[in-house]
file protein.cif (mmCIF, C-alpha atoms and all ligand atoms)
data_query
#
loop_
_atom_site.label_atom_id
_atom_site.label_comp_id
_atom_site.auth_asym_id
_atom_site.auth_seq_id
_atom_site.Cartn_x
_atom_site.Cartn_y
_atom_site.Cartn_z
CA MET A 15 7.51 3.45 -25.29
CA ASN A 16 6.91 0.09 -23.63
CA SER A 17 3.40 -1.17 -23.02
CA LEU A 18 4.05 -2.56 -19.54
CA PRO A 19 1.53 -1.51 -16.83
CA LYS A 20 2.81 1.74 -15.28
CA ILE A 21 2.58 1.98 -11.47
CA ILE A 22 3.23 4.72 -8.91
CA ILE A 23 3.26 3.59 -5.26
CA ASP A 24 2.25 6.03 -2.51
CA THR A 25 3.71 4.65 0.68
CA ASP A 26 4.56 5.00 4.40
CA PRO A 27 7.39 2.46 4.87
CA GLY A 28 6.71 0.51 7.13
CA GLN A 29 7.69 -3.12 7.07
CA ASP A 30 4.88 -4.44 4.83
CA ASP A 31 5.40 -1.40 2.61
CA ALA A 32 9.00 -2.57 2.20
CA ALA A 33 7.71 -5.97 1.09
CA ALA A 34 5.36 -4.29 -1.40
CA ILE A 35 8.02 -1.99 -2.84
CA LEU A 36 10.55 -4.83 -3.16
CA MET A 37 7.87 -6.95 -4.85
CA ALA A 38 7.25 -4.10 -7.32
CA PHE A 39 10.98 -3.78 -8.04
CA GLY A 40 11.09 -7.54 -8.65
CA LEU A 41 8.12 -7.37 -11.04
CA ASP A 42 9.86 -4.47 -12.78
CA ASN A 43 13.03 -6.57 -13.16
CA LEU A 44 10.89 -9.37 -14.62
CA ASN A 45 9.44 -6.89 -17.18
CA ILE A 46 5.95 -7.39 -15.81
CA ILE A 47 5.41 -3.77 -14.71
CA GLN A 48 7.14 -0.41 -15.00
CA LEU A 49 7.51 1.10 -11.52
CA GLN A 50 7.52 4.84 -12.22
CA ALA A 51 7.96 6.53 -8.83
CA LEU A 52 7.54 6.27 -5.08
CA THR A 53 5.66 9.04 -3.27
CA CYS A 54 5.97 9.07 0.52
CA VAL A 55 3.47 10.11 3.15
CA ALA A 56 3.50 10.27 6.96
CA GLY A 57 1.86 7.20 8.45
CA ASN A 58 3.51 4.22 10.11
CA VAL A 59 6.30 6.61 11.12
CA PRO A 60 6.76 10.37 10.51
CA LEU A 61 7.56 11.62 7.00
CA PRO A 62 11.33 12.15 7.53
CA LEU A 63 11.54 8.40 8.22
CA THR A 64 9.10 7.18 5.57
CA GLN A 65 10.99 9.04 2.82
CA LYS A 66 14.37 7.86 4.17
CA ASN A 67 13.11 4.27 4.35
CA ALA A 68 11.75 4.42 0.80
CA ARG A 69 15.21 5.53 -0.41
CA ILE A 70 16.89 2.77 1.62
CA ILE A 71 14.61 0.21 -0.04
CA CYS A 72 15.59 1.60 -3.47
CA ASP A 73 19.25 1.08 -2.48
CA TRP A 74 18.47 -2.52 -1.45
CA ALA A 75 17.01 -3.10 -4.94
CA ASN A 76 20.03 -1.41 -6.50
CA ARG A 77 17.65 1.16 -8.03
CA GLN A 78 19.18 4.52 -7.05
CA ASP A 79 17.62 5.79 -10.32
CA MET A 80 14.09 5.56 -8.85
CA SER A 81 12.30 8.88 -8.34
CA VAL A 82 11.31 9.25 -4.67
CA TYR A 83 9.15 12.16 -3.51
CA GLN A 84 7.97 13.25 -0.09
CA GLY A 85 4.51 14.69 0.45
CA ALA A 86 2.24 15.29 3.41
CA ASP A 87 3.80 15.23 6.86
CA ARG A 88 0.38 15.03 8.53
CA PRO A 89 -3.25 14.22 7.68
CA LEU A 90 -5.55 16.89 6.20
CA LEU A 91 -7.19 17.68 9.52
CA LYS A 92 -6.32 15.23 12.33
CA PRO A 93 -2.99 15.18 14.18
CA LEU A 94 -0.64 12.47 12.89
CA PHE A 95 -1.15 8.99 14.41
CA THR A 96 1.78 6.58 13.89
CA ALA A 97 2.44 2.83 14.37
CA GLU A 98 5.93 2.45 15.84
CA ASN A 99 4.42 -0.27 18.05
CA VAL A 100 4.16 -2.41 14.91
CA HIS A 101 6.98 -1.26 12.62
CA GLY A 102 9.57 -0.12 15.18
CA LYS A 103 10.91 3.33 16.03
CA ASN A 104 12.62 3.72 12.64
CA GLY A 105 9.78 2.03 10.72
CA LEU A 106 11.86 -0.90 9.46
CA ASP A 107 12.55 -3.04 12.52
CA GLY A 108 14.32 -6.32 11.90
CA VAL A 109 17.34 -5.11 9.95
CA VAL A 110 20.23 -2.66 10.29
CA LEU A 111 19.61 0.48 8.22
CA HIS A 112 22.20 2.56 6.32
CA GLU A 113 22.23 6.17 5.15
CA PRO A 114 20.43 6.05 1.76
CA LYS A 115 22.20 6.93 -1.52
CA THR A 116 19.00 7.19 -3.57
CA PRO A 117 18.26 10.92 -3.82
CA LEU A 118 15.06 12.60 -2.66
CA GLN A 119 13.32 14.66 -5.35
CA SER A 120 12.66 18.28 -4.42
CA GLN A 121 9.09 18.51 -5.77
CA HIS A 122 6.23 17.85 -3.31
CA ALA A 123 4.67 14.43 -3.92
CA ALA A 124 1.17 15.85 -4.43
CA VAL A 125 2.46 18.35 -7.02
CA PHE A 126 4.39 15.55 -8.75
CA LEU A 127 1.26 13.37 -8.85
CA ALA A 128 -1.01 16.18 -10.08
CA GLU A 129 1.43 17.24 -12.81
CA THR A 130 2.46 13.74 -13.93
CA LEU A 131 -1.09 12.40 -14.08
CA SER A 132 -2.47 15.43 -15.95
CA GLN A 133 0.33 15.13 -18.55
CA ALA A 134 0.07 11.33 -18.88
CA ALA A 135 -1.78 9.54 -21.66
CA ASP A 136 -5.45 8.94 -20.77
CA HIS A 137 -5.97 6.21 -18.16
CA SER A 138 -2.33 5.10 -18.43
CA ILE A 139 -1.02 5.02 -14.84
CA SER A 140 -2.17 2.90 -11.87
CA ILE A 141 -1.73 4.43 -8.44
CA CYS A 142 -1.19 2.07 -5.49
CA PRO A 143 -1.65 3.93 -2.19
CA ILE A 144 -0.45 1.67 0.63
CA GLY A 145 -0.47 4.28 3.39
CA PRO A 146 -2.82 7.09 4.45
CA LEU A 147 -4.40 8.78 1.41
CA THR A 148 -3.36 12.36 2.18
CA ASN A 149 -1.08 12.80 -0.89
CA ILE A 150 -3.70 11.39 -3.25
CA ALA A 151 -6.44 13.65 -1.89
CA LEU A 152 -4.13 16.70 -2.16
CA ALA A 153 -3.25 15.85 -5.78
CA LEU A 154 -6.93 15.50 -6.69
CA ARG A 155 -7.66 18.89 -5.12
CA LEU A 156 -4.56 20.58 -6.64
CA ASN A 157 -5.52 19.58 -10.18
CA PRO A 158 -8.87 17.74 -10.58
CA GLU A 159 -8.09 17.20 -14.28
CA CYS A 160 -5.29 14.85 -13.28
CA VAL A 161 -7.87 12.04 -13.07
CA SER A 162 -7.55 11.77 -16.87
CA GLY A 163 -4.17 10.07 -16.54
CA ILE A 164 -5.28 7.53 -13.92
CA LYS A 165 -6.07 3.98 -15.06
CA GLU A 166 -7.19 3.02 -11.54
CA ILE A 167 -6.36 3.55 -7.89
CA VAL A 168 -5.72 0.28 -6.02
CA ILE A 169 -5.87 1.09 -2.32
CA MET A 170 -4.69 -1.02 0.61
CA GLY A 171 -7.05 0.14 3.31
CA GLY A 172 -10.41 -0.21 4.98
CA THR A 173 -12.28 -3.11 6.49
CA PHE A 174 -15.88 -4.32 6.64
CA PHE A 175 -16.19 -8.04 7.46
CA GLU A 176 -13.00 -8.04 9.57
CA THR A 177 -12.62 -5.99 12.77
CA GLY A 178 -10.24 -3.05 12.55
CA ASN A 179 -6.52 -3.16 13.40
CA VAL A 180 -6.43 0.31 15.02
CA THR A 181 -10.00 0.70 16.35
CA PRO A 182 -12.83 -1.85 16.40
CA LEU A 183 -14.00 -0.65 12.98
CA ALA A 184 -11.07 0.95 11.14
CA ASP A 185 -7.82 -0.06 9.48
CA PHE A 186 -4.73 2.08 10.04
CA ASN A 187 -4.56 3.76 6.61
CA PHE A 188 -8.13 5.03 6.66
CA PHE A 189 -7.99 5.84 10.39
CA VAL A 190 -4.96 8.16 10.02
CA ASP A 191 -6.75 10.30 7.42
CA PRO A 192 -10.45 9.44 6.97
CA ILE A 193 -11.17 12.75 5.22
CA ALA A 194 -8.53 12.03 2.58
CA ALA A 195 -9.96 8.54 2.15
CA GLN A 196 -13.46 9.96 1.66
CA ILE A 197 -12.20 12.51 -0.90
CA VAL A 198 -10.51 9.74 -2.92
CA LEU A 199 -13.47 7.36 -2.76
CA GLN A 200 -15.84 10.09 -3.94
CA SER A 201 -13.51 11.19 -6.79
CA GLY A 202 -15.20 9.17 -9.53
CA VAL A 203 -11.88 7.51 -10.44
CA PRO A 204 -11.92 3.68 -10.93
CA ILE A 205 -10.99 2.32 -7.48
CA ARG A 206 -10.23 -1.15 -6.15
CA ILE A 207 -10.13 -1.55 -2.37
CA VAL A 208 -7.86 -4.19 -0.84
CA PRO A 209 -9.16 -4.25 2.77
CA LEU A 210 -8.35 -6.32 5.82
CA ASP A 211 -11.20 -8.60 4.63
CA VAL A 212 -8.78 -9.91 2.03
CA THR A 213 -5.33 -9.20 3.47
CA HIS A 214 -6.16 -11.34 6.50
CA LYS A 215 -6.46 -14.22 4.01
CA ALA A 216 -2.91 -13.57 2.73
CA CYS A 217 -0.92 -14.40 5.84
CA LEU A 218 2.72 -15.29 6.27
CA SER A 219 3.70 -18.68 7.68
CA GLU A 220 6.95 -20.30 8.75
CA LYS A 221 7.03 -22.06 5.37
CA ARG A 222 6.46 -18.83 3.43
CA ILE A 223 9.09 -16.91 5.40
CA ASN A 224 11.56 -19.81 5.04
CA ALA A 225 10.98 -19.75 1.26
CA LEU A 226 12.17 -16.14 1.27
CA ARG A 227 15.10 -16.93 3.53
CA ALA A 228 16.17 -19.79 1.24
CA LEU A 229 16.45 -17.50 -1.82
CA PRO A 230 20.05 -17.15 -3.07
CA ASN A 231 20.03 -13.35 -2.74
CA GLN A 232 20.43 -10.75 -0.02
CA ASN A 233 16.89 -9.35 -0.28
CA GLY A 234 15.25 -12.71 0.42
CA LYS A 235 17.03 -13.03 3.75
CA ARG A 236 16.62 -9.33 4.54
CA LEU A 237 12.86 -9.44 3.92
CA ALA A 238 12.51 -12.65 5.94
CA ASP A 239 14.11 -10.84 8.91
CA ILE A 240 11.86 -7.79 8.46
CA LEU A 241 8.67 -9.85 8.15
CA GLN A 242 9.58 -12.07 11.11
CA SER A 243 9.71 -8.89 13.20
CA TYR A 244 6.57 -7.42 11.58
CA GLU A 245 4.16 -10.32 12.08
CA ARG A 246 4.29 -10.39 15.90
CA PHE A 247 1.68 -7.61 16.21
CA ASP A 248 -1.06 -9.22 14.12
CA ILE A 249 -0.44 -12.70 15.51
CA GLN A 250 -0.87 -11.34 19.04
CA GLN A 251 -3.80 -9.03 18.22
CA PHE A 252 -5.82 -11.30 15.93
CA GLY A 253 -4.51 -14.76 16.82
CA LEU A 254 -3.66 -15.20 13.12
CA ASP A 255 -1.22 -17.99 12.15
CA GLY A 256 1.03 -15.38 10.55
CA GLY A 257 1.25 -11.69 9.71
CA PRO A 258 -1.09 -10.48 6.93
CA LEU A 259 0.87 -9.12 3.95
CA HIS A 260 -1.36 -6.06 3.60
CA ASP A 261 0.59 -3.82 1.22
CA PRO A 262 1.92 -6.43 -1.24
CA CYS A 263 -1.73 -7.46 -1.78
CA ALA A 264 -2.41 -4.03 -3.32
CA ILE A 265 0.48 -4.43 -5.77
CA ALA A 266 -0.75 -7.93 -6.63
CA CYS A 267 -4.30 -6.63 -7.16
CA ALA A 268 -3.05 -3.96 -9.58
CA VAL A 269 -1.09 -6.51 -11.62
CA TYR A 270 -3.14 -9.72 -11.15
CA PRO A 271 -6.74 -8.65 -10.41
CA GLN A 272 -7.90 -12.13 -11.47
CA TRP A 273 -6.54 -13.50 -8.17
CA PHE A 274 -9.07 -11.43 -6.23
CA THR A 275 -12.81 -11.97 -5.86
CA GLN A 276 -14.37 -8.51 -5.97
CA LYS A 277 -17.78 -6.87 -5.73
CA GLU A 278 -18.85 -3.44 -7.06
CA VAL A 279 -20.31 -1.61 -4.07
CA TYR A 280 -21.02 1.88 -2.77
CA VAL A 281 -18.74 2.84 0.13
CA GLU A 282 -18.59 5.89 2.39
CA ILE A 283 -15.99 6.58 5.09
CA ASN A 284 -17.19 7.86 8.44
CA THR A 285 -15.32 11.15 8.98
CA HIS A 286 -16.84 11.86 12.41
CA SER A 287 -14.86 11.20 15.62
CA GLY A 288 -15.83 8.42 18.00
CA ILE A 289 -15.67 4.62 18.07
CA ALA A 290 -16.83 4.39 14.43
CA GLU A 291 -14.36 6.98 13.08
CA ALA A 292 -12.95 5.94 9.66
CA ALA A 293 -15.30 2.94 9.48
CA CYS A 294 -16.31 1.91 5.96
CA SER A 295 -20.06 1.95 5.38
CA VAL A 296 -20.25 -0.68 2.64
CA ASP A 297 -23.59 -1.04 0.83
CA TRP A 298 -23.06 -4.79 0.25
CA HIS A 299 -26.61 -5.49 -0.99
CA GLY A 300 -27.23 -2.23 -2.86
CA LYS A 301 -29.88 -0.95 -0.44
CA SER A 302 -28.77 2.70 -0.56
CA GLY A 303 -29.68 3.11 -4.22
CA LYS A 304 -26.31 4.85 -4.63
CA LYS A 305 -24.13 3.93 -7.65
CA PRO A 306 -21.17 1.69 -6.68
CA ASN A 307 -17.92 3.72 -6.40
CA VAL A 308 -15.40 0.94 -5.67
CA SER A 309 -14.59 -2.65 -6.45
CA TRP A 310 -14.26 -4.30 -3.00
CA CYS A 311 -11.90 -7.30 -2.75
CA TYR A 312 -12.94 -10.01 -0.33
CA GLN A 313 -11.23 -13.24 -1.45
CA ILE A 314 -7.71 -13.96 -2.72
CA ASP A 315 -5.91 -16.90 -4.31
CA ASP A 316 -3.25 -16.72 -1.60
CA GLU A 317 -1.18 -19.61 -3.00
CA ALA A 318 -0.85 -17.88 -6.39
CA PHE A 319 -0.09 -14.60 -4.61
CA PHE A 320 2.69 -15.98 -2.41
CA GLU A 321 4.22 -17.92 -5.31
CA GLN A 322 4.46 -14.78 -7.46
CA PHE A 323 5.53 -12.65 -4.47
CA THR A 324 8.44 -15.03 -3.81
CA GLN A 325 9.38 -15.11 -7.50
CA ALA A 326 9.41 -11.30 -7.58
CA ILE A 327 11.69 -11.16 -4.52
CA ALA A 328 13.91 -13.78 -6.18
CA ALA A 329 14.38 -11.34 -9.08
CA LEU A 330 16.16 -8.83 -6.81
CA PRO A 331 19.87 -8.49 -5.93
O1 LIG B 401 -3.88 -1.50 7.98
C1 LIG B 401 -2.69 -1.89 7.34
C2 LIG B 401 -1.99 -0.72 6.73
O2 LIG B 401 -1.55 0.16 7.75
C3 LIG B 401 -0.70 -1.12 5.97
O3 LIG B 401 -0.51 -0.24 4.90
C4 LIG B 401 0.39 -0.92 6.98
O4 LIG B 401 1.65 -0.58 6.37
C5 LIG B 401 -0.12 0.28 7.73
O5 LIG B 401 0.25 1.42 6.99
CA CA B 402 1.61 0.97 4.58
#

call {"tool": "encode", "arguments": {"input": "protein.cif", "output": "structure tokens", "more": "lines below"}}
Ligand code: RIB
Ligand code: CA
result
Amino acid sequence: MNSLPKIIIDTDPGQDDAAAILMAFGLDNLNIIQLQALTCVAGNVPLPLTQKNARIICDWANRQDMSVYQGADRPLLKPLFTAENVHGKNGLDGVVLHEPKTPLQSQHAAVFLAETLSQAADHSISICPIGPLTNIALALRLNPECVSGIKEIVIMGGTFFETGNVTPLADFNFFVDPIAAQIVLQSGVPIRIVPLDVTHKACLSEKRINALRALPNQNGKRLADILQSYERFDIQQFGLDGGPLHDPCAIACAVYPQWFTQKEVYVEINTHSGIAEAACSVDWHGKSGKKPNVSWCYQIDDEAFFEQFTQAIAALP
């Protein structure tokens, strides 16, 4: 049994999800991690498309052996809110899509997670949710003992020092399912949060996209096209120089936590409707007296991140 860090990605592909999954496949090819499975959730686009896109991405990496599961087709309570305005109608604007060969597993993603984590060696698997947290919350409710198998949960989501990208105070992943986010954050499992506070410091640029395009493989050019389409939204909305690579930051944080400046804080998610829905109440100075429940990332070594990201993509077909 190899001792490489084991990772399961829960995802709603989604253009930046595609970048994160391809990065993980590249790190797997470089024998840096062992990517165990992809579990799909409704988010950027509806579930039939997120699971299809995840399988397409596996085909792009020539990894039809990867186990892909589909889970929740809607949040725990709210109606589904999607982001075709960012990612395109099919969720992967920027490239032509094919019918995937990678099979879809029949088991529900939440059942797969609950069973796999409860049977895993103690604290042996890192979970990287890069979409709404519905599947993770369901797994924790289905079998609370499954926490024994979790090393940590590294979540792309939330915001505190940055304004939100869906509402003034919320990021997309927590906004789609704030109740699921609150369940996960209160679970007692070791959690790192990779919020907009840090992903907005990991932005694409012409130079960074050209470095991908210059790679001697198909996935470098393909991802450059996808990311060129993806970054329009954030450049327009935030006036950033380039699109923030939200989801790959979560993969990087799971594998290279030393690149991230983090603070142990107590965080609650607002589950009430209104302008502050899904906002993160972050006790930055420990005034609540509540025990910290997450490690909150707020700085990143973006040069190291982009260098390793590009090297991981270079390790793909
Ligand atoms: O707020 C950014 C998050 O929302 C990313 O995961 C992106 O893919 C969207 O799901
Ligand atoms: Ca996502």

call {"tool": "closest_atom_pairs", "arguments": {"input": "protein.cif", "of": "chain A", "to": "ligand LIG 401 (chain B)", "cutoff": "6 Å", "atoms": "only C-alpha atoms and all ligand atoms", "output": "JSON lines"}}
result
{"residue": "A:Gly28", "atom": "CA", "partner": "B:LIG401", "partner_atom": "O4", "distance": 5.2}
{"residue": "A:Asp30", "atom": "CA", "partner": "B:LIG401", "partner_atom": "O4", "distance": 5.3}
{"residue": "A:Asp31", "atom": "CA", "partner": "B:LIG401", "partner_atom": "O4", "distance": 5.4}
{"residue": "A:Asn58", "atom": "CA", "partner": "B:LIG401", "partner_atom": "O5", "distance": 5.3}
{"residue": "A:Ile144", "atom": "CA", "partner": "B:LIG401", "partner_atom": "O3", "distance": 4.7}
{"residue": "A:Gly145", "atom": "CA", "partner": "B:LIG401", "partner_atom": "O5", "distance": 4.7}
{"residue": "A:Gly171", "atom": "CA", "partner": "B:LIG401", "partner_atom": "O1", "distance": 5.9}
{"residue": "A:Asp185", "atom": "CA", "partner": "B:LIG401", "partner_atom": "O1", "distance": 4.5}
{"residue": "A:Phe186", "atom": "CA", "partner": "B:LIG401", "partner_atom": "O1", "distance": 4.2}
{"residue": "A:Asn187", "atom": "CA", "partner": "B:LIG401", "partner_atom": "O2", "distance": 4.8}
{"residue": "A:His260", "atom": "CA", "partner": "B:LIG401", "partner_atom": "C3", "distance": 5.5}
{"residue": "A:Asp261", "atom": "CA", "partner": "B:LIG401", "partner_atom": "O3", "distance": 5.3}

call {"tool": "closest_residue", "arguments": {"input": "protein.cif", "among": "A:Asn149, A:Phe39, A:Lys304, A:Gly178", "to": "Asp248 (chain A)", "atoms": "all atoms listed in the file"}}
result
A:Gly178

call {"tool": "atom_distance", "arguments": {"input": "protein.cif", "atom1": "CA of Glu113 (chain A)", "atom2": "CA of Asn76 (chain A)"}}
result
14.1 Å

call {"tool": "residues_around", "arguments": {"input": "protein.cif", "residues": "region 279-288 of chain A", "least_positions_apart": "6", "cutoff": "9 Å", "atoms": "all atoms listed in the file", "output": "PyMOL selection string"}}
result
chain A and resi 172+188+191-193+195-196+199-200+294-300+302-310

call {"tool": "write_last_selection", "arguments": {"input": "protein.cif", "atoms": "C-alpha atoms", "output": "PDB file, in the frame of the given file"}}
result
ATOM      1  CA  GLY A 172     -10.410  -0.210   4.980  1.00  0.00           C
ATOM      2  CA  PHE A 188      -8.130   5.030   6.660  1.00  0.00           C
ATOM      3  CA  ASP A 191      -6.750  10.300   7.420  1.00  0.00           C
ATOM      4  CA  PRO A 192     -10.450   9.440   6.970  1.00  0.00           C
ATOM      5  CA  ILE A 193     -11.170  12.750   5.220  1.00  0.00           C
ATOM      6  CA  ALA A 195      -9.960   8.540   2.150  1.00  0.00           C
ATOM      7  CA  GLN A 196     -13.460   9.960   1.660  1.00  0.00           C
ATOM      8  CA  LEU A 199     -13.470   7.360  -2.760  1.00  0.00           C
ATOM      9  CA  GLN A 200     -15.840  10.090  -3.940  1.00  0.00           C
ATOM     10  CA  CYS A 294     -16.310   1.910   5.960  1.00  0.00           C
ATOM     11  CA  SER A 295     -20.060   1.950   5.380  1.00  0.00           C
ATOM     12  CA  VAL A 296     -20.250  -0.680   2.640  1.00  0.00           C
ATOM     13  CA  ASP A 297     -23.590  -1.040   0.830  1.00  0.00           C
ATOM     14  CA  TRP A 298     -23.060  -4.790   0.250  1.00  0.00           C
ATOM     15  CA  HIS A 299     -26.610  -5.490  -0.990  1.00  0.00           C
ATOM     16  CA  GLY A 300     -27.230  -2.230  -2.860  1.00  0.00           C
ATOM     17  CA  SER A 302     -28.770   2.700  -0.560  1.00  0.00           C
ATOM     18  CA  GLY A 303     -29.680   3.110  -4.220  1.00  0.00           C
ATOM     19  CA  LYS A 304     -26.310   4.850  -4.630  1.00  0.00           C
ATOM     20  CA  LYS A 305     -24.130   3.930  -7.650  1.00  0.00           C
ATOM     21  CA  PRO A 306     -21.170   1.690  -6.680  1.00  0.00           C
ATOM     22  CA  ASN A 307     -17.920   3.720  -6.400  1.00  0.00           C
ATOM     23  CA  VAL A 308     -15.400   0.940  -5.670  1.00  0.00           C
ATOM     24  CA  SER A 309     -14.590  -2.650  -6.450  1.00  0.00           C
ATOM     25  CA  TRP A 310     -14.260  -4.300  -3.000  1.00  0.00           C
TER      26      TRP A 310
END

call {"tool": "closest_residue", "arguments": {"input": "protein.cif", "among": "A:Leu18, A:Leu91, A:Ile71, A:Val59", "to": "ligand CA 402 (chain B)", "atoms": "all atoms listed in the file"}}
result
A:Val59

call {"tool": "closest_residue", "arguments": {"input": "protein.cif", "among": "A:Phe323, A:Tyr270, A:Tyr244, A:Tyr83", "to": "ligand CA 402 (chain B)", "atoms": "only C-alpha atoms and all ligand atoms"}}
result
A:Tyr244

call {"tool": "residues_near_point", "arguments": {"input": "protein.cif", "point": "(-4.8, 14.0, -8.6)", "cutoff": "10 Å", "atoms": "all atoms listed in the file", "output": "PDB file with C-alpha atoms, in the coordinates of the input"}}
result
ATOM      1  CA  ALA A 124       1.170  15.850  -4.430  1.00  0.00           C
ATOM      2  CA  VAL A 125       2.460  18.350  -7.020  1.00  0.00           C
ATOM      3  CA  PHE A 126       4.390  15.550  -8.750  1.00  0.00           C
ATOM      4  CA  LEU A 127       1.260  13.370  -8.850  1.00  0.00           C
ATOM      5  CA  ALA A 128      -1.010  16.180 -10.080  1.00  0.00           C
ATOM      6  CA  GLU A 129       1.430  17.240 -12.810  1.00  0.00           C
ATOM      7  CA  THR A 130       2.460  13.740 -13.930  1.00  0.00           C
ATOM      8  CA  LEU A 131      -1.090  12.400 -14.080  1.00  0.00           C
ATOM      9  CA  SER A 132      -2.470  15.430 -15.950  1.00  0.00           C
ATOM     10  CA  ASN A 149      -1.080  12.800  -0.890  1.00  0.00           C
ATOM     11  CA  ILE A 150      -3.700  11.390  -3.250  1.00  0.00           C
ATOM     12  CA  ALA A 151      -6.440  13.650  -1.890  1.00  0.00           C
ATOM     13  CA  LEU A 152      -4.130  16.700  -2.160  1.00  0.00           C
ATOM     14  CA  ALA A 153      -3.250  15.850  -5.780  1.00  0.00           C
ATOM     15  CA  LEU A 154      -6.930  15.500  -6.690  1.00  0.00           C
ATOM     16  CA  ARG A 155      -7.660  18.890  -5.120  1.00  0.00           C
ATOM     17  CA  LEU A 156      -4.560  20.580  -6.640  1.00  0.00           C
ATOM     18  CA  ASN A 157      -5.520  19.580 -10.180  1.00  0.00           C
ATOM     19  CA  PRO A 158      -8.870  17.740 -10.580  1.00  0.00           C
ATOM     20  CA  GLU A 159      -8.090  17.200 -14.280  1.00  0.00           C
ATOM     21  CA  CYS A 160      -5.290  14.850 -13.280  1.00  0.00           C
ATOM     22  CA  VAL A 161      -7.870  12.040 -13.070  1.00  0.00           C
ATOM     23  CA  SER A 162      -7.550  11.770 -16.870  1.00  0.00           C
ATOM     24  CA  GLY A 163      -4.170  10.070 -16.540  1.00  0.00           C
ATOM     25  CA  ILE A 164      -5.280   7.530 -13.920  1.00  0.00           C
ATOM     26  CA  VAL A 198     -10.510   9.740  -2.920  1.00  0.00           C
ATOM     27  CA  SER A 201     -13.510  11.190  -6.790  1.00  0.00           C
ATOM     28  CA  VAL A 203     -11.880   7.510 -10.440  1.00  0.00           C
TER      29      VAL A 203
END

call {"tool": "decode", "arguments": {"input": "protein.cif", "residues": "region 119-133 of chain A", "atoms": "N, CA and C atoms", "output": "compact mmCIF listing (two decimals), in the first residue's frame"}}
result
# COMPACT_ATOMS: atom_id res chain seq x y z
N GLN A 119 -20.27 5.57 -11.63
CA GLN A 119 -20.57 4.52 -10.66
C GLN A 119 -22.04 4.60 -10.25
N SER A 120 -22.61 3.47 -9.87
CA SER A 120 -24.06 3.46 -9.58
C SER A 120 -24.36 3.92 -8.15
N GLN A 121 -23.40 3.78 -7.24
CA GLN A 121 -23.65 4.14 -5.84
C GLN A 121 -23.76 5.66 -5.69
N HIS A 122 -24.65 6.11 -4.80
CA HIS A 122 -24.80 7.55 -4.52
C HIS A 122 -23.51 8.06 -3.88
N ALA A 123 -23.09 9.23 -4.25
CA ALA A 123 -21.81 9.78 -3.76
C ALA A 123 -21.77 9.84 -2.24
N ALA A 124 -22.85 10.22 -1.60
CA ALA A 124 -22.85 10.34 -0.14
C ALA A 124 -22.71 8.96 0.51
N VAL A 125 -23.32 7.94 -0.10
CA VAL A 125 -23.20 6.58 0.44
C VAL A 125 -21.76 6.09 0.25
N PHE A 126 -21.21 6.38 -0.94
CA PHE A 126 -19.80 6.02 -1.21
C PHE A 126 -18.88 6.67 -0.18
N LEU A 127 -19.07 7.96 0.07
CA LEU A 127 -18.20 8.67 1.02
C LEU A 127 -18.36 8.08 2.43
N ALA A 128 -19.60 7.89 2.86
CA ALA A 128 -19.85 7.37 4.22
C ALA A 128 -19.23 5.99 4.40
N GLU A 129 -19.42 5.12 3.39
CA GLU A 129 -18.88 3.75 3.50
C GLU A 129 -17.36 3.74 3.41
N THR A 130 -16.82 4.45 2.42
CA THR A 130 -15.36 4.44 2.20
C THR A 130 -14.62 5.02 3.40
N LEU A 131 -15.13 6.13 3.93
CA LEU A 131 -14.43 6.79 5.03
C LEU A 131 -14.55 5.98 6.32
N SER A 132 -15.67 5.30 6.53
CA SER A 132 -15.80 4.50 7.77
C SER A 132 -14.95 3.24 7.71
N GLN A 133 -14.66 2.77 6.48
CA GLN A 133 -13.82 1.56 6.34
C GLN A 133 -12.33 1.90 6.19
